[in-house]
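Working notes for the structure below.
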Amino acid sequence: MHNIAIVGAGFSGAVLARELAEAGYRPRVFDSRPHIAGNCHTERDPESNVMVHKYGPHIFHTDNERVWEYLNRFTHFMPYTNRVKTTTQGRVFSLPINLLTINQYFGKTFSPTEAKDFIESQADLTIRDPQTFEEQALRFVGRELYEAFFKGYTQKQWGCSPTQLPASILKRLPVRFNYDDNYFFHRYQGMPKDGYTALIGNILDHPKIELNLETVFRRDQANQFDHVFYSGPIDGYFEFQLGRLGYRTLDFKEIRGEGDYQGCAVMNYGDESVPYTRIAEHKYFSPWEEHDNTVCFAEYSRECEAGDIPYYPIRLMEEQDMLRRYVELAGGEQNVSFVGRLGTYRYLDMDVTVGEALAAADQFLSLSKSAQPVPAFFVAPV
Ligand SMILES: Cc1cc2nc3c(=O)[nH]c(=O)nc-3n(C[C@H](O)[C@H](O)[C@H](O)COP(=O)(O)OP(=O)(O)OC[C@H]3O[C@@H](n4cnc5c(N)ncnc54)[C@H](O)[C@@H]3O)c2cc1C
């Protein structure tokens, strides 16, 4: 089993290719885009020289020791802490909602315990078994914080009312009763010094890996290979024969200027009347660099249509049903494994993507050694 195709040169495809190459295979990698790194692609903006995250801001964070050590072979991570602000109801607040946010919003000087008691007094405890996002938020934080921080943003992000979204989206109490405004809880957090494209370029830089950019891989090519790892969209592989799985896509509006535009990396906009969800000022993702000029992108979220780039899988009931049917089709393919965020139609952070690709490579190598069949999925999408 030596003739291997890997579709996609994002984290999924690159890590699989590297692992197979190091095990002696000569994988051929295909990507339809003119660049590697998939949605994590970064490049220097020619006007400002700022390192720009072309498909939206990416901040690496993980608790997975194996993934952290693996990626540190290919890049130097610079220290970076994700701190987000939000503009809502004409004022600026710290996110995620923490003690500073609560004290500023309500004009108080609460201690952690006082703030906890106060938020509990705001929560709508008449909602016993929350079914929707809105009910869950009202039950956790009450109407005022829900309307300021969740309602408009969620409506814009998902294009539907929070009363139509499942409660499961808001799993935990989205509030901290201290002044910790680090967005992530993970032990390791950082930015690759030369950007994600250089990092993924280093992963792919192996004499046994053949890289083919601007090359679309189609289902009818699969029989030319012993095995195919497919990190493109599962519905696209089957030419959307059962319909299109729902995604949200993003439009980016460029904003340029001198000096600083907004004074932080990410500013969310909570009001529904502001059409974009957030503005990212990209030089703040490389705080160790200095730039005189600045470039920002405002993000507009909308339904993904044919020809758009799929960003966030929607995964409501309707999509789950269609996904189940695609998974059945995939099980009928003889020599294809579906991997990554698009192949399994899940939102995956980069560390999870890398972890799953490493585990898939381990499993593939062990199965092919003993001539056992390779599964269509290493992680069940449903
Ligand atoms: C807006 C946004 C922000 C994010 N921010 C973060 C963050 O801050 N931190 C974090 O950890 N994660 C973040 N993520 C998640 C991160 O983008 C993913 O974990 C990562 O991109 C998954 O890698 P992948 O290789 O599975 O998919 P992709 O990066 O999408 O790569 C798939 C590749 O396959 C190619 N392809 C598809 N079909 C074909 C075909 N038929 N033939 C040839 N090539 C094909 C595509 O061109 C693409 O390059 C974010 C995601 C989004 C949408």
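By convention here, the chains of the structure tokens are called A, B, ... in the order presented, each chain's residues are numbered starting at 1, and ligands are numbered starting at 1 in the order presented.
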| request: Pull the alpha helix (DSSP H) assignments for range 89-202 of chain A out of DSSP run on the backbone, and list those residues as a PyMOL selection string. | output: chain A and resi 99-106+112-122+133-145+152-158+196-202
| request: Kindly work out which residues sit at most 7 Å from ligand 1, using only C-alpha atoms and all ligand atoms, and give the list as a count of residues only. | output: 44
| task | Between CA of Asn293 in chain A and CA of Asn49 in chain A, measure the distance and give it in Å to one decimal. | result | 8.5 Å
| request: Determine which residues of range 24-214 of chain A receive a DSSP assignment of strand (DSSP E or B), computed from the backbone, and state them as a count of residues only. | output: 35
| request: With a distance cut-off of 10 Å and only C-alpha atoms, select the neighbouring residues of Ser273 in chain A, excluding the residue or stretch itself and same-chain residues fewer than 3 positions from it, and output the selection as a list in words. | output: Gly152, Lys156, Tyr269, Gly270 and Tyr276 of chain A
Residue selection dump (N, CA and C atoms) as a PDB file, in the first residue's frame:
ATOM      1  N   GLY A 152     -27.077  39.889  20.146  1.00  0.00           N
ATOM      2  CA  GLY A 152     -26.770  40.452  18.823  1.00  0.00           C
ATOM      3  C   GLY A 152     -25.631  39.723  18.148  1.00  0.00           C
ATOM      4  N   LYS A 156     -25.854  37.590  14.619  1.00  0.00           N
ATOM      5  CA  LYS A 156     -25.047  37.921  13.441  1.00  0.00           C
ATOM      6  C   LYS A 156     -24.176  36.736  13.020  1.00  0.00           C
ATOM      7  N   TYR A 269     -18.266  43.186  18.187  1.00  0.00           N
ATOM      8  CA  TYR A 269     -19.358  44.178  18.181  1.00  0.00           C
ATOM      9  C   TYR A 269     -20.652  43.445  18.534  1.00  0.00           C
ATOM     10  N   GLY A 270     -21.182  43.745  19.717  1.00  0.00           N
ATOM     11  CA  GLY A 270     -22.326  43.002  20.241  1.00  0.00           C
ATOM     12  C   GLY A 270     -23.677  43.479  19.741  1.00  0.00           C
ATOM     13  N   TYR A 276     -21.119  43.937  11.132  1.00  0.00           N
ATOM     14  CA  TYR A 276     -20.028  42.966  11.260  1.00  0.00           C
ATOM     15  C   TYR A 276     -19.977  42.431  12.694  1.00  0.00           C
TER      16      TYR A 276
END
| said: Calculated over only C-alpha atoms, which of the candidates A:Gly195, A:Gly24, A:Pro310, A:Gly159 has the smallest distance to His282 in chain A? | reply: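 Of the candidates, the smallest distance to His282 in chain A is held by A:Gly195.
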Per residue of range 3-29 of chain A within 7 Å of range 360-368 of chain A, which atom pair is closest and at what distance in Å (one decimal), using only C-alpha atoms, listed by chain and increasing number, as JSON lines?
{"residue": "A:Leu16", "atom": "CA", "partner": "A:Ala361", "partner_atom": "CA", "distance": 5.8}
{"residue": "A:Glu19", "atom": "CA", "partner": "A:Ala361", "partner_atom": "CA", "distance": 6.3}
{"residue": "A:Leu20", "atom": "CA", "partner": "A:Ala361", "partner_atom": "CA", "distance": 6.8}
Okay, now the selection with N, CA, C and O atoms, as an mmCIF file, in the first residue's frame?
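Written out: again12.cif:
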data_model
loop_
_atom_site.group_PDB
_atom_site.id
_atom_site.type_symbol
_atom_site.label_atom_id
_atom_site.label_comp_id
_atom_site.auth_asym_id
_atom_site.auth_seq_id
_atom_site.Cartn_x
_atom_site.Cartn_y
_atom_site.Cartn_z
ATOM 1 N N LEU A 16 -0.316 14.487 8.168
ATOM 2 C CA LEU A 16 -0.397 13.114 7.645
ATOM 3 C C LEU A 16 0.749 12.847 6.668
ATOM 4 O O LEU A 16 1.403 11.796 6.731
ATOM 5 N N GLU A 19 4.086 12.432 8.536
ATOM 6 C CA GLU A 19 4.193 11.169 9.279
ATOM 7 C C GLU A 19 4.409 9.991 8.342
ATOM 8 O O GLU A 19 5.208 9.103 8.630
ATOM 9 N N LEU A 20 3.685 10.009 7.224
ATOM 10 C CA LEU A 20 3.841 8.909 6.261
ATOM 11 C C LEU A 20 5.211 8.959 5.599
ATOM 12 O O LEU A 20 5.854 7.930 5.393
#
| What separation in Å, quoted to one decimal, exists between CA of Thr163 in chain A and CA of Phe133 in chain A? |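 Computing it gives 6.1 Å between the two atoms.
Using only C-alpha atoms, the smallest distance between any of A:Arg66, A:Lys151, A:Arg244, A:Lys369 and Gly355 in chain A comes from A:Arg66.
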| task | Between A:Pro166, A:Glu328, A:Pro207, A:Thr109, single out the one closest to Pro130 in chain A, counting only C-alpha atoms. | result | A:Pro166
| task | For Glu289 in chain A, list every protein, DNA or RNA residue within 10 Å, evaluated using only C-alpha atoms, and leave out those in the same chain fewer than 5 positions away; present the list as a ChimeraX atom specification. | result | /A:49-51,193,283-284
I need the chosen residues saved as a PDB file, in the first residue's frame, with C-alpha atoms.
ATOM      1  CA  ASN A  49       4.474  44.373   5.908  1.00  0.00           C
ATOM      2  CA  VAL A  50       2.100  43.116   8.634  1.00  0.00           C
ATOM      3  CA  MET A  51       1.673  39.312   8.816  1.00  0.00           C
ATOM      4  CA  LYS A 193       7.101  33.464  14.733  1.00  0.00           C
ATOM      5  CA  LYS A 283      -0.287  43.628  13.639  1.00  0.00           C
ATOM      6  CA  TYR A 284      -1.416  42.835  17.185  1.00  0.00           C
TER       7      TYR A 284
END
| said: Using Å and a single decimal, report how far CA of Ala380 in chain A sits from CA of Gly343 in chain A. | reply: 10.7 Å
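Distances here use only C-alpha atoms; by that measure, the residue among A:Phe238, A:Trp158, A:Phe149, A:Tyr179 closest to Ser111 in chain A is A:Tyr179.
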| Using only C-alpha atoms, which of A:Asp194, A:Glu144, A:Glu319, A:Glu258 sits nearest Ser48 in chain A? |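 For Ser48 in chain A, the nearest of the given residues is A:Glu258.
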| Which residue gives the smallest distance to Ile127 in chain A among A:Pro275, A:Ser161, A:Gly190, A:Ala167, with only C-alpha atoms counted? |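 So, comparing all the options, the nearest one is A:Ala167.
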